[in-house]
Every structure is written in structure tokens, then in C-alpha cells.
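Enquirer: Just one file: target.pdb, with PDB, C-alpha atoms.
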```pdb
ATOM      1  CA  MET A   1     -53.123 186.689-113.847
ATOM      2  CA  MET A   2     -49.968 185.158-112.538
ATOM      3  CA  ASN A   3     -49.498 184.616-108.808
ATOM      4  CA  ASP A   4     -46.744 186.930-107.516
ATOM      5  CA  VAL A   5     -45.940 184.584-104.571
ATOM      6  CA  ALA A   6     -42.740 182.610-105.203
ATOM      7  CA  MET A   7     -43.146 178.891-104.749
ATOM      8  CA  LYS A   8     -40.434 176.596-103.339
ATOM      9  CA  ILE A   9     -39.838 173.738-105.724
ATOM     10  CA  GLU A  10     -38.783 170.456-103.985
ATOM     11  CA  PRO A  11     -36.511 168.076-105.856
ATOM     12  CA  ALA A  12     -38.278 165.025-107.208
ATOM     13  CA  PRO A  13     -37.456 161.629-105.675
ATOM     14  CA  ASP A  14     -35.425 159.242-107.790
ATOM     15  CA  ALA A  15     -36.536 155.765-108.834
ATOM     16  CA  ALA A  16     -35.505 154.253-105.540
ATOM     17  CA  GLY A  17     -37.660 156.747-103.652
ATOM     18  CA  SER A  18     -34.758 158.780-102.236
ATOM     19  CA  VAL A  19     -34.301 162.474-102.644
ATOM     20  CA  GLU A  20     -31.252 163.599-104.640
ATOM     21  CA  ALA A  21     -28.603 165.000-102.339
ATOM     22  CA  SER A  22     -27.551 168.575-102.396
ATOM     23  CA  GLY A  23     -24.129 169.633-103.522
ATOM     24  CA  GLU A  24     -22.679 169.146-100.055
ATOM     25  CA  PRO A  25     -20.420 166.023 -99.634
ATOM     26  CA  GLU A  26     -22.121 163.082 -97.911
ATOM     27  CA  ALA A  27     -20.699 162.192 -94.469
ATOM     28  CA  ARG A  28     -19.184 158.662 -94.377
ATOM     29  CA  PRO A  29     -19.807 156.433 -91.351
ATOM     30  CA  ALA A  30     -16.867 156.126 -88.989
ATOM     31  CA  LYS A  31     -14.796 152.935 -89.433
ATOM     32  CA  PRO A  32     -15.442 150.618 -86.481
ATOM     33  CA  LYS A  33     -12.480 150.170 -84.156
ATOM     34  CA  THR A  34     -11.035 146.716 -83.485
ATOM     35  CA  ASP A  35     -12.259 145.307 -80.191
ATOM     36  CA  TRP A  36      -8.900 143.993 -79.021
ATOM     37  CA  TRP A  37     -10.266 142.892 -75.663
ATOM     38  CA  GLY A  38     -12.982 140.901 -77.422
ATOM     39  CA  GLU A  39     -10.408 139.296 -79.705
ATOM     40  CA  ILE A  40      -8.268 138.291 -76.712
ATOM     41  CA  LYS A  41     -11.273 136.802 -74.935
ATOM     42  CA  GLY A  42     -12.215 134.847 -78.058
ATOM     43  CA  LEU A  43      -8.704 133.408 -78.372
ATOM     44  CA  PHE A  44      -8.697 132.557 -74.675
ATOM     45  CA  TRP A  45     -11.935 130.563 -74.924
ATOM     46  CA  LEU A  46     -10.761 128.846 -78.100
ATOM     47  CA  LEU A  47      -7.502 127.823 -76.395
ATOM     48  CA  LEU A  48      -9.433 126.625 -73.351
ATOM     49  CA  ILE A  49     -11.716 124.465 -75.498
ATOM     50  CA  VAL A  50      -8.769 122.941 -77.393
ATOM     51  CA  LEU A  51      -6.835 122.191 -74.187
ATOM     52  CA  GLY A  52      -9.956 120.774 -72.565
ATOM     53  CA  PHE A  53     -10.494 118.452 -75.525
ATOM     54  CA  HIS A  54      -6.828 117.357 -75.452
ATOM     55  CA  SER A  55      -6.946 116.837 -71.680
ATOM     56  CA  PHE A  56     -10.192 114.950 -71.245
ATOM     57  CA  VAL A  57     -11.364 113.574 -74.617
ATOM     58  CA  ALA A  58      -8.592 112.779 -77.123
ATOM     59  CA  LYS A  59      -5.210 113.983 -78.280
ATOM     60  CA  PRO A  60      -2.814 113.231 -81.148
ATOM     61  CA  PHE A  61       0.339 111.248 -80.481
ATOM     62  CA  TYR A  62       3.535 110.807 -82.497
ATOM     63  CA  ILE A  63       5.459 107.508 -82.525
ATOM     64  CA  PRO A  64       9.116 108.351 -81.772
ATOM     65  CA  SER A  65      10.690 104.862 -81.582
ATOM     66  CA  GLU A  66      10.528 101.354 -83.043
ATOM     67  CA  SER A  67       9.559  99.649 -79.781
ATOM     68  CA  MET A  68       6.062  98.803 -81.086
ATOM     69  CA  LEU A  69       6.997  97.278 -84.439
ATOM     70  CA  PRO A  70       5.474  95.725 -86.472
ATOM     71  CA  GLY A  71       2.157  97.463 -85.698
ATOM     72  CA  LEU A  72       3.520 100.973 -85.160
ATOM     73  CA  GLN A  73       6.361 102.662 -87.025
ATOM     74  CA  VAL A  74       8.305 105.828 -86.349
ATOM     75  CA  GLY A  75       6.365 108.634 -88.017
ATOM     76  CA  ASP A  76       2.905 107.235 -87.315
ATOM     77  CA  ARG A  77       0.406 109.749 -85.950
ATOM     78  CA  LEU A  78      -2.439 108.346 -83.924
ATOM     79  CA  VAL A  79      -5.372 109.281 -81.718
ATOM     80  CA  VAL A  80      -5.280 108.619 -77.969
ATOM     81  CA  ASN A  81      -8.574 108.195 -76.119
ATOM     82  CA  LYS A  82      -8.165 110.162 -72.867
ATOM     83  CA  PHE A  83     -11.363 109.000 -71.129
ATOM     84  CA  ALA A  84     -11.073 105.234 -71.739
ATOM     85  CA  TYR A  85      -9.773 104.629 -68.189
ATOM     86  CA  GLY A  86     -10.873 107.859 -66.490
ATOM     87  CA  TRP A  87      -8.579 110.782 -65.650
ATOM     88  CA  SER A  88      -5.549 111.227 -63.414
ATOM     89  CA  TYR A  89      -2.832 113.808 -62.848
ATOM     90  CA  VAL A  90      -1.156 112.893 -66.168
ATOM     91  CA  SER A  91      -4.327 113.605 -68.180
ATOM     92  CA  PRO A  92      -4.430 117.443 -68.439
ATOM     93  CA  THR A  93      -2.531 119.109 -71.255
ATOM     94  CA  ILE A  94      -1.092 122.422 -70.028
ATOM     95  CA  PRO A  95       1.434 123.918 -72.488
ATOM     96  CA  ASN A  96       4.807 125.125 -71.262
ATOM     97  CA  PRO A  97       5.800 128.124 -73.462
ATOM     98  CA  ALA A  98       9.422 128.041 -72.283
ATOM     99  CA  ALA A  99       9.807 124.363 -73.211
ATOM    100  CA  ILE A 100       8.173 124.918 -76.595
ATOM    101  CA  PHE A 101      10.539 127.829 -77.323
ATOM    102  CA  ARG A 102      13.618 125.813 -76.302
ATOM    103  CA  SER A 103      12.543 122.867 -78.411
ATOM    104  CA  LEU A 104      11.436 124.650 -81.595
ATOM    105  CA  VAL A 105      13.667 127.715 -81.644
ATOM    106  CA  LEU A 106      16.763 126.708 -79.689
ATOM    107  CA  ARG A 107      16.603 123.051 -80.810
ATOM    108  CA  ASP A 108      17.359 121.879 -77.274
ATOM    109  CA  PRO A 109      17.362 118.036 -77.281
ATOM    110  CA  ALA A 110      17.059 117.954 -73.485
ATOM    111  CA  VAL A 111      13.429 119.151 -73.595
ATOM    112  CA  GLU A 112      11.333 116.199 -72.443
ATOM    113  CA  SER A 113       7.841 117.609 -72.817
ATOM    114  CA  TRP A 114       6.002 120.681 -74.072
ATOM    115  CA  SER A 115       3.538 120.557 -71.186
ATOM    116  CA  VAL A 116       3.578 121.344 -67.476
ATOM    117  CA  SER A 117       3.428 118.436 -65.036
ATOM    118  CA  LEU A 118       0.826 118.523 -62.304
ATOM    119  CA  PRO A 119       1.599 117.285 -58.778
ATOM    120  CA  ALA A 120       1.135 113.523 -58.563
ATOM    121  CA  TRP A 121      -1.821 112.046 -56.718
ATOM    122  CA  ASP A 122      -3.045 108.490 -56.278
ATOM    123  CA  GLY A 123      -6.023 107.064 -58.109
ATOM    124  CA  ARG A 124      -8.170 108.139 -61.038
ATOM    125  CA  LEU A 125     -11.446 109.962 -61.500
ATOM    126  CA  LEU A 126     -14.099 107.615 -62.952
ATOM    127  CA  GLY A 127     -11.288 105.128 -63.475
ATOM    128  CA  GLY A 128     -11.392 101.653 -64.949
ATOM    129  CA  LEU A 129      -8.586  99.139 -65.493
ATOM    130  CA  PRO A 130      -7.137  98.604 -68.974
ATOM    131  CA  GLU A 131      -7.647  95.208 -70.536
ATOM    132  CA  ARG A 132      -4.911  92.808 -71.582
ATOM    133  CA  GLY A 133      -3.741  93.657 -75.066
ATOM    134  CA  ASP A 134      -4.636  97.363 -74.934
ATOM    135  CA  VAL A 135      -2.052  99.751 -76.388
ATOM    136  CA  VAL A 136      -1.642 102.591 -73.904
ATOM    137  CA  ILE A 137       0.233 105.836 -73.379
ATOM    138  CA  VAL A 138       2.151 105.881 -70.091
ATOM    139  CA  THR A 139       4.135 108.536 -68.241
ATOM    140  CA  PRO A 140       6.633 106.779 -65.933
ATOM    141  CA  PRO A 141       6.669 108.047 -62.335
ATOM    142  CA  GLY A 142       8.999 111.002 -61.863
ATOM    143  CA  THR A 143       9.216 111.865 -65.580
ATOM    144  CA  ARG A 144       7.356 113.874 -68.187
ATOM    145  CA  ASN A 145       8.099 111.496 -71.058
ATOM    146  CA  ASP A 146       5.274 109.615 -72.746
ATOM    147  CA  TYR A 147       5.842 105.974 -73.703
ATOM    148  CA  ILE A 148       3.574 103.764 -75.773
ATOM    149  CA  LYS A 149       3.386 100.095 -74.763
ATOM    150  CA  ARG A 150       0.983  97.161 -74.594
ATOM    151  CA  VAL A 151      -0.747  95.905 -71.448
ATOM    152  CA  VAL A 152       0.334  92.306 -70.782
ATOM    153  CA  GLY A 153      -0.160  91.835 -67.024
ATOM    154  CA  LEU A 154      -2.982  93.007 -64.747
ATOM    155  CA  PRO A 155      -3.091  93.337 -60.929
ATOM    156  CA  GLY A 156      -2.576  89.970 -59.262
ATOM    157  CA  ASP A 157      -1.019  88.288 -62.312
ATOM    158  CA  ARG A 158       2.065  86.176 -61.720
ATOM    159  CA  LEU A 159       4.297  87.106 -64.669
ATOM    160  CA  GLU A 160       7.564  85.677 -65.909
ATOM    161  CA  VAL A 161       9.571  85.725 -69.155
ATOM    162  CA  ARG A 162      11.668  82.649 -70.000
ATOM    163  CA  GLY A 163      13.496  82.282 -73.295
ATOM    164  CA  GLY A 164      11.447  85.139 -74.721
ATOM    165  CA  VAL A 165       8.164  83.420 -73.856
ATOM    166  CA  VAL A 166       5.762  85.243 -71.528
ATOM    167  CA  TYR A 167       4.218  83.150 -68.737
ATOM    168  CA  LEU A 168       1.055  84.418 -67.060
ATOM    169  CA  ASN A 169      -0.069  82.654 -63.878
ATOM    170  CA  GLY A 170       2.092  79.630 -64.684
ATOM    171  CA  ARG A 171       0.951  79.188 -68.288
ATOM    172  CA  ALA A 172       2.905  80.143 -71.404
ATOM    173  CA  VAL A 173       1.291  82.699 -73.658
ATOM    174  CA  ARG A 174       0.406  80.998 -76.938
ATOM    175  CA  ARG A 175       2.796  81.916 -79.767
ATOM    176  CA  GLU A 176       2.489  81.309 -83.512
ATOM    177  CA  SER A 177       5.289  82.039 -85.965
ATOM    178  CA  LEU A 178       4.023  83.961 -89.011
ATOM    179  CA  GLY A 179       7.327  83.942 -90.876
ATOM    180  CA  ASP A 180       9.200  87.030 -92.029
ATOM    181  CA  ARG A 181       7.688  90.365 -93.021
ATOM    182  CA  LEU A 182       9.389  92.772 -95.401
ATOM    183  CA  VAL A 183       9.014  96.316 -94.064
ATOM    184  CA  PRO A 184       9.913  99.096 -96.548
ATOM    185  CA  VAL A 185      13.010 101.052 -95.530
ATOM    186  CA  ASP A 186      12.795 104.848 -95.354
ATOM    187  CA  GLU A 187      14.273 107.649 -93.264
ATOM    188  CA  ASN A 188      12.039 106.815 -90.300
ATOM    189  CA  THR A 189      12.637 103.062 -90.665
ATOM    190  CA  PRO A 190      16.338 102.788 -91.603
ATOM    191  CA  CYS A 191      16.832  99.133 -90.557
ATOM    192  CA  SER A 192      20.232  99.901 -89.053
ATOM    193  CA  ALA A 193      22.774  97.089 -88.839
ATOM    194  CA  ALA A 194      23.247  97.766 -85.120
ATOM    195  CA  ASP A 195      19.568  97.138 -84.314
ATOM    196  CA  TYR A 196      18.695  94.633 -87.026
ATOM    197  CA  PRO A 197      21.875  92.774 -88.071
ATOM    198  CA  GLY A 198      21.486  91.048 -91.422
ATOM    199  CA  ALA A 199      17.886  92.210 -91.856
ATOM    200  CA  LEU A 200      18.477  94.835 -94.565
ATOM    201  CA  GLU A 201      17.792  93.508 -98.074
ATOM    202  CA  GLN A 202      17.527  94.923-101.569
ATOM    203  CA  ARG A 203      14.703  93.581-103.694
ATOM    204  CA  PRO A 204      15.131  92.854-107.431
ATOM    205  CA  GLY A 205      13.541  96.203-108.284
ATOM    206  CA  GLY A 206      16.049  98.058-106.096
ATOM    207  CA  GLU A 207      13.692  98.647-103.153
ATOM    208  CA  LEU A 208      15.303  98.342 -99.721
ATOM    209  CA  VAL A 209      13.366  96.340 -97.125
ATOM    210  CA  CYS A 210      13.868  95.185 -93.547
ATOM    211  CA  ARG A 211      13.173  91.486 -92.963
ATOM    212  CA  LEU A 212      11.528  91.019 -89.544
ATOM    213  CA  PRO A 213      10.454  87.696 -87.976
ATOM    214  CA  ILE A 214       6.818  87.998 -86.850
ATOM    215  CA  VAL A 215       5.237  86.039 -83.983
ATOM    216  CA  ARG A 216       1.556  86.258 -83.084
ATOM    217  CA  GLU A 217       0.846  86.109 -79.344
ATOM    218  CA  THR A 218      -2.537  85.275 -77.817
ATOM    219  CA  LEU A 219      -3.165  86.403 -74.248
ATOM    220  CA  PRO A 220      -5.619  84.861 -71.758
ATOM    221  CA  GLY A 221      -9.075  85.951 -72.846
ATOM    222  CA  GLY A 222      -8.277  85.406 -76.513
ATOM    223  CA  VAL A 223      -6.952  88.765 -77.711
ATOM    224  CA  SER A 224      -3.965  88.497 -80.055
ATOM    225  CA  PHE A 225      -1.432  90.757 -81.731
ATOM    226  CA  GLU A 226       1.795  90.565 -83.709
ATOM    227  CA  THR A 227       5.270  90.916 -82.183
ATOM    228  CA  VAL A 228       8.831  90.960 -83.502
ATOM    229  CA  ASP A 229      11.196  88.341 -82.043
ATOM    230  CA  LEU A 230      14.732  89.074 -83.262
ATOM    231  CA  GLU A 231      17.057  87.246 -80.888
ATOM    232  CA  PRO A 232      16.748  84.007 -78.904
ATOM    233  CA  ASN A 233      18.583  85.268 -75.818
ATOM    234  CA  SER A 234      18.351  89.039 -75.563
ATOM    235  CA  GLN A 235      18.522  90.827 -72.212
ATOM    236  CA  GLY A 236      14.747  91.075 -71.858
ATOM    237  CA  ASP A 237      14.120  87.408 -72.697
ATOM    238  CA  THR A 238      14.561  86.472 -69.034
ATOM    239  CA  PHE A 239      12.568  88.271 -66.345
ATOM    240  CA  GLY A 240      10.838  87.571 -63.058
ATOM    241  CA  PRO A 241       8.797  85.948 -61.823
ATOM    242  CA  ILE A 242       6.889  88.796 -60.161
ATOM    243  CA  THR A 243       3.343  89.411 -59.025
ATOM    244  CA  VAL A 244       1.784  92.579 -60.454
ATOM    245  CA  PRO A 245       0.741  94.761 -57.472
ATOM    246  CA  ALA A 246      -2.759  96.120 -56.963
ATOM    247  CA  ASP A 247      -3.614  99.130 -59.153
ATOM    248  CA  HIS A 248      -0.601  98.472 -61.410
ATOM    249  CA  VAL A 249      -0.166  97.090 -64.930
ATOM    250  CA  PHE A 250       2.776  95.347 -66.591
ATOM    251  CA  LEU A 251       3.656  96.802 -69.993
ATOM    252  CA  MET A 252       5.759  95.451 -72.860
ATOM    253  CA  GLY A 253       6.667  96.657 -76.332
ATOM    254  CA  ASP A 254       5.717  94.502 -79.311
ATOM    255  CA  ASN A 255       9.283  94.733 -80.658
ATOM    256  CA  ARG A 256      10.359  92.500 -77.789
ATOM    257  CA  ASP A 257      14.131  92.720 -78.214
ATOM    258  CA  ARG A 258      14.161  96.484 -78.880
ATOM    259  CA  SER A 259      11.827  97.796 -76.199
ATOM    260  CA  ALA A 260      12.643  99.390 -72.843
ATOM    261  CA  ASP A 261       9.509  98.561 -70.852
ATOM    262  CA  SER A 262       8.429  97.066 -67.512
ATOM    263  CA  ARG A 263      11.186  94.458 -67.757
ATOM    264  CA  PHE A 264      13.902  97.112 -67.402
ATOM    265  CA  GLU A 265      14.959  99.512 -64.662
ATOM    266  CA  ARG A 266      14.596 103.245 -64.993
ATOM    267  CA  SER A 267      18.405 103.514 -65.198
ATOM    268  CA  GLN A 268      18.102 101.466 -68.420
ATOM    269  CA  LEU A 269      15.429 103.873 -69.729
ATOM    270  CA  GLY A 270      12.759 101.309 -68.908
ATOM    271  CA  LEU A 271       9.583 101.643 -66.856
ATOM    272  CA  GLY A 272      11.088 100.146 -63.698
ATOM    273  CA  GLY A 273       8.596  97.298 -63.318
ATOM    274  CA  PRO A 274       4.793  97.420 -63.191
ATOM    275  CA  VAL A 275       3.404 100.945 -63.628
ATOM    276  CA  PRO A 276       0.848 102.571 -61.292
ATOM    277  CA  PHE A 277      -2.622 102.824 -62.767
ATOM    278  CA  GLU A 278      -2.688 106.620 -62.475
ATOM    279  CA  ASN A 279       0.319 106.933 -64.816
ATOM    280  CA  ILE A 280      -1.672 105.637 -67.785
ATOM    281  CA  GLY A 281      -2.565 108.603 -69.990
ATOM    282  CA  GLY A 282      -5.016 106.919 -72.345
ATOM    283  CA  ARG A 283      -5.664 104.193 -74.903
ATOM    284  CA  ALA A 284      -4.342 104.320 -78.472
ATOM    285  CA  GLU A 285      -7.241 103.987 -80.917
ATOM    286  CA  PHE A 286      -6.171 104.269 -84.573
ATOM    287  CA  ILE A 287      -3.550 105.730 -86.914
ATOM    288  CA  THR A 288      -4.527 109.016 -88.543
ATOM    289  CA  PHE A 289      -1.603 109.250 -90.984
ATOM    290  CA  SER A 290       2.057 108.279 -91.271
ATOM    291  CA  LEU A 291       5.161 110.060 -92.587
ATOM    292  CA  ASP A 292       8.371 108.450 -93.853
ATOM    293  CA  GLY A 293      10.679 111.197 -92.545
ATOM    294  CA  SER A 294      11.498 112.840 -95.877
ATOM    295  CA  THR A 295       9.642 116.110 -95.232
ATOM    296  CA  THR A 296      11.416 119.456 -95.037
ATOM    297  CA  TRP A 297      10.173 123.012 -94.500
ATOM    298  CA  ASN A 298       9.326 123.039 -98.216
ATOM    299  CA  PRO A 299       5.583 122.219 -98.558
ATOM    300  CA  LEU A 300       6.268 120.551-101.904
ATOM    301  CA  THR A 301       7.944 117.673-100.036
ATOM    302  CA  TRP A 302       4.925 116.945 -97.859
ATOM    303  CA  PRO A 303       2.628 114.962-100.198
ATOM    304  CA  GLY A 304       5.345 112.487-101.152
ATOM    305  CA  ALA A 305       6.187 111.761 -97.509
ATOM    306  CA  PHE A 306       2.868 110.101 -96.678
ATOM    307  CA  ARG A 307       2.999 106.334 -96.254
ATOM    308  CA  GLY A 308       0.137 104.698 -98.070
ATOM    309  CA  GLY A 309      -2.259 102.254 -96.460
ATOM    310  CA  ARG A 310      -1.704 103.202 -92.813
ATOM    311  CA  ALA A 311      -4.374 105.833 -92.195
ATOM    312  CA  GLY A 312      -7.342 104.429 -90.279
ATOM    313  CA  THR A 313      -5.514 101.319 -89.022
ATOM    314  CA  SER A 314      -7.059 100.195 -85.717
ATOM    315  CA  LEU A 315      -4.711  99.707 -82.781
ATOM    316  CA  HIS A 316      -7.034  97.420 -80.843
ATOM    317  CA  PRO A 317      -5.892  93.783 -80.527
ATOM    318  CA  ASP A 318      -7.615  91.113 -82.588
ATOM    319  CA  GLU A 319     -10.496  89.467 -80.752
ATOM    320  CA  ALA A 320     -10.915  85.721 -80.439
ATOM    321  CA  GLU A 321     -13.384  84.294 -82.941
TER     322      GLU A 321
END
```
Would you kindly transcribe this structure into C-alpha cells?
Expert:
Amino acid sequence: MMNDVAMKIEPAPDAAGSVEASGEPEARPAKPKTDWWGEIKGLFWLLLIVLGFHSFVAKPFYIPSESMLPGLQVGDRLVVNKFAYGWSYVSPTIPNPAAIFRSLVLRDPAVESWSVSLPAWDGRLLGGLPERGDVVIVTPPGTRNDYIKRVVGLPGDRLEVRGGVVYLNGRAVRRESLGDRLVPVDENTPCSAADYPGALEQRPGGELVCRLPIVRETLPGGVSFETVDLEPNSQGDTFGPITVPADHVFLMGDNRDRSADSRFERSQLGLGGPVPFENIGGRAEFITFSLDGSTTWNPLTWPGAFRGGRAGTSLHPDEAE
């Protein structure tokens, strides 16, 4: 006898163990909204970390002039060690949006720096003096321009230049002629007749080169480096004598006849004599890469603009053996 009570039949679970849905449409989860405040906070902390690294650890630097030939060429990019001598008011990197806009968008050549200058104060935090021969970044007092020069004189040194020869404490710096060097000519190294009269040459294969006379100098303590000595009686070949004041350093460019440095007044675009210790922004360490000036906005031009053999070049002076 059949049971008259109707039985409710449940749908069987599928292979995955779930029960087949009814004919009603399944509700989709709501799409999460973008947390704009979280995104802004993330960008803020990222920017803070980058600026902190640039201000207190290391920052990139671009070589804008030929004052440090033969070691550094226009278009070289290098790393500057910010903590080598401690920190001062020139150390922090604080971007100036207005200056960046005027420089990039308006192409204003009068823009000196993309960063904001802090009020000057004396001294350095955890500071230590540079050593002779160090290549340093310096911001002259009263400006926001960065120069790159080499430390030649330290506090207390009696310094003089006679006939292009540097004298430290009454003794001539040792000089050794290394002959001429042929530097390839490109858009960043044009070897203009005004700056290098008679130096431009064309090689048998058609390559243009700039012939530069190289002199190796050895400072007290034994460190040495290469310089360019173009003229026997240029304006900077006679200077001093002076005594470098306390907490100051005397800086010179390696391209001795084409460098506005501590030998020249500020009105001549020089450094105006020895530079206060707190105006040193860091020590140049090594070249990261170098460009010949042929790049455009077209990315296809970028690979061919790299100069070979310059990446990784150390900027420390040679040590005495």
C-alpha cells in the first residue's frame, strides 16, 4: 500500500559537494571601491622614502660642464654619497614644483635648481673633513647651483698657483706629462674651437676626436689624478698665495684652464675662494652611465646614445702604491 503522505525531494549535491542553485539569479558581490585616501597615503610615504634617501644616503648627479675633463664628461650620470662627510643645510632634497614646471614646461633657462633651499647654518651633523683628491659636490654660498670640483687644499694649507703649477705649503705638487689623449667628439663633447683651439682632428676613418694634453698630479699623501693643461698662461695659472681658513676647503676643476673654481670670484662664476665645509653636498663615487647628447623624445634614439665603457668608473683618486 502506497504512503499517501507527499515527500519533499531535496536536490542532490553535485560533484563538488554544492547544491544546485534554484532558478533565481545568483547575487554578485559588490565591486570594492577604490580607497583614494589609502592611495594618497601610500604615495606620500613612497615620496618621503625617496626624498629621505636622496637627502641623507645618495643621489644621482648629472655633469653639465667640461670643467672636470678628462675624468668626467658632459652627459655622465654619477652617484653622490650624501653621508660621506655628514649632513648640513645643503643636504636635504626638497622639490620645488614651481621650479620644475618652469624648467620642464616653460623651458625657463633662469631656473637654477629644482629644489627648495633651506636657511643656512654653520657646521655639519656627524661631519668629517674631505680628503685631498676627493671629487665633491658643492653649493656656493648664496646660490642654489651645484658644482662638481676636486678638493686640493685643506684647512691650514698655504696654497699658491704659479705658471699653472699648484704649490701646497711651499712645495710644488708633483706633475707628470702623459702626452695627448684623443677624446671622441659628440654632441656633448663638441671640442669647440673657442675652448680648444686646434684640438679638433679627423682620424683616417673619419672619426672626429679632441686632442687634449694630459698631466697627472700627485698631491701630498700620494693620491693622484689626471688633469688637462691647455695653456701655459691662462687666467687661473696665477693665484695666491692664500691660507685656507678653518672649516674650509679649496676646490679646483681637473680641466685647469676651463674651470671656474676657488681661484675665481663669484662675479666670474667661480666659487669665490675657499668654500665653507657646510657647503659640501657629498662625495662623487662612480659613473652609472653616460649619454652623448643625441637622444630625443623618441625612445628609439636612446640605446644608441649610451657611451660605452664609462659605466662603473670609480671617481676616487688613485692611491699611492
Enquirer: Selection in question (the file shown): the PyMOL selection byres ((chain A and resi 230) around 9). Which residues does it include, as a short mmCIF file (atom, residue, chain, number, x, y, z; two decimals) with C-alpha atoms, keeping the file's coordinate frame?
Expert:
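This went into result34.cif:
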```
data_model
loop_
_atom_site.label_atom_id
_atom_site.label_comp_id
_atom_site.auth_asym_id
_atom_site.auth_seq_id
_atom_site.Cartn_x
_atom_site.Cartn_y
_atom_site.Cartn_z
CA TYR A 196 18.70 94.63 -87.03
CA LEU A 212 11.53 91.02 -89.54
CA PRO A 213 10.45 87.70 -87.98
CA ILE A 214 6.82 88.00 -86.85
CA VAL A 228 8.83 90.96 -83.50
CA ASP A 229 11.20 88.34 -82.04
CA GLU A 231 17.06 87.25 -80.89
CA PRO A 232 16.75 84.01 -78.90
CA SER A 234 18.35 89.04 -75.56
CA ASN A 255 9.28 94.73 -80.66
CA ARG A 256 10.36 92.50 -77.79
CA ASP A 257 14.13 92.72 -78.21
CA ARG A 258 14.16 96.48 -78.88
#
```
Enquirer: Nearest to Gly282 of chain A: which of A:Arg132, A:Arg158, A:Lys82, A:Arg263 is it, counting only C-alpha atoms?
Expert: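 Checking each of A:Arg132, A:Arg158, A:Lys82, A:Arg263 against Gly282 of chain A, counting only C-alpha atoms, the winner is A:Lys82.
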Enquirer: Run the PyMOL selection byres ((chain A and resi 216) around 7) on the file and write out the hits as a ChimeraX atom specification.
Expert: /A:175-178,214-215,217-218,224-227
Enquirer: Quote the spacing between atom CA of Gly309 of chain A and atom CA of Ser65 of chain A in Å to one decimal place.
Expert: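 Spanning atom CA of Gly309 of chain A to atom CA of Ser65 of chain A is a straight-line distance of 19.9 Å.
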Enquirer: When the PyMOL selection byres ((chain A and resi 161-163) around 8) is applied to the file above, which residues end up in the set, as a list in words?
Expert: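 Output of the PyMOL selection byres ((chain A and resi 161-163) around 8): Leu159, Glu160, Gly164, Val165, Val166, Tyr167, Pro232, Asn233, Gly236, Asp237, Thr238, Phe239, Gly240 and Pro241 of chain A.
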Enquirer: Show which residues sit within 12 Å of segment 294-299 of chain A, as a PDB file with C-alpha atoms, in the coordinates of the input. Count all atoms listed in the file, and ignore same-chain residues fewer than 2 positions away.
Expert:
```pdb
ATOM      1  CA  GLY A  75       6.365 108.634 -88.017  1.00  0.00           C
ATOM      2  CA  VAL A 185      13.010 101.052 -95.530  1.00  0.00           C
ATOM      3  CA  ASP A 186      12.795 104.848 -95.354  1.00  0.00           C
ATOM      4  CA  GLU A 187      14.273 107.649 -93.264  1.00  0.00           C
ATOM      5  CA  ASN A 188      12.039 106.815 -90.300  1.00  0.00           C
ATOM      6  CA  THR A 189      12.637 103.062 -90.665  1.00  0.00           C
ATOM      7  CA  PRO A 190      16.338 102.788 -91.603  1.00  0.00           C
ATOM      8  CA  SER A 290       2.057 108.279 -91.271  1.00  0.00           C
ATOM      9  CA  LEU A 291       5.161 110.060 -92.587  1.00  0.00           C
ATOM     10  CA  ASP A 292       8.371 108.450 -93.853  1.00  0.00           C
ATOM     11  CA  THR A 301       7.944 117.673-100.036  1.00  0.00           C
ATOM     12  CA  TRP A 302       4.925 116.945 -97.859  1.00  0.00           C
ATOM     13  CA  PRO A 303       2.628 114.962-100.198  1.00  0.00           C
ATOM     14  CA  GLY A 304       5.345 112.487-101.152  1.00  0.00           C
ATOM     15  CA  ALA A 305       6.187 111.761 -97.509  1.00  0.00           C
ATOM     16  CA  PHE A 306       2.868 110.101 -96.678  1.00  0.00           C
ATOM     17  CA  ARG A 307       2.999 106.334 -96.254  1.00  0.00           C
TER      18      ARG A 307
END
```
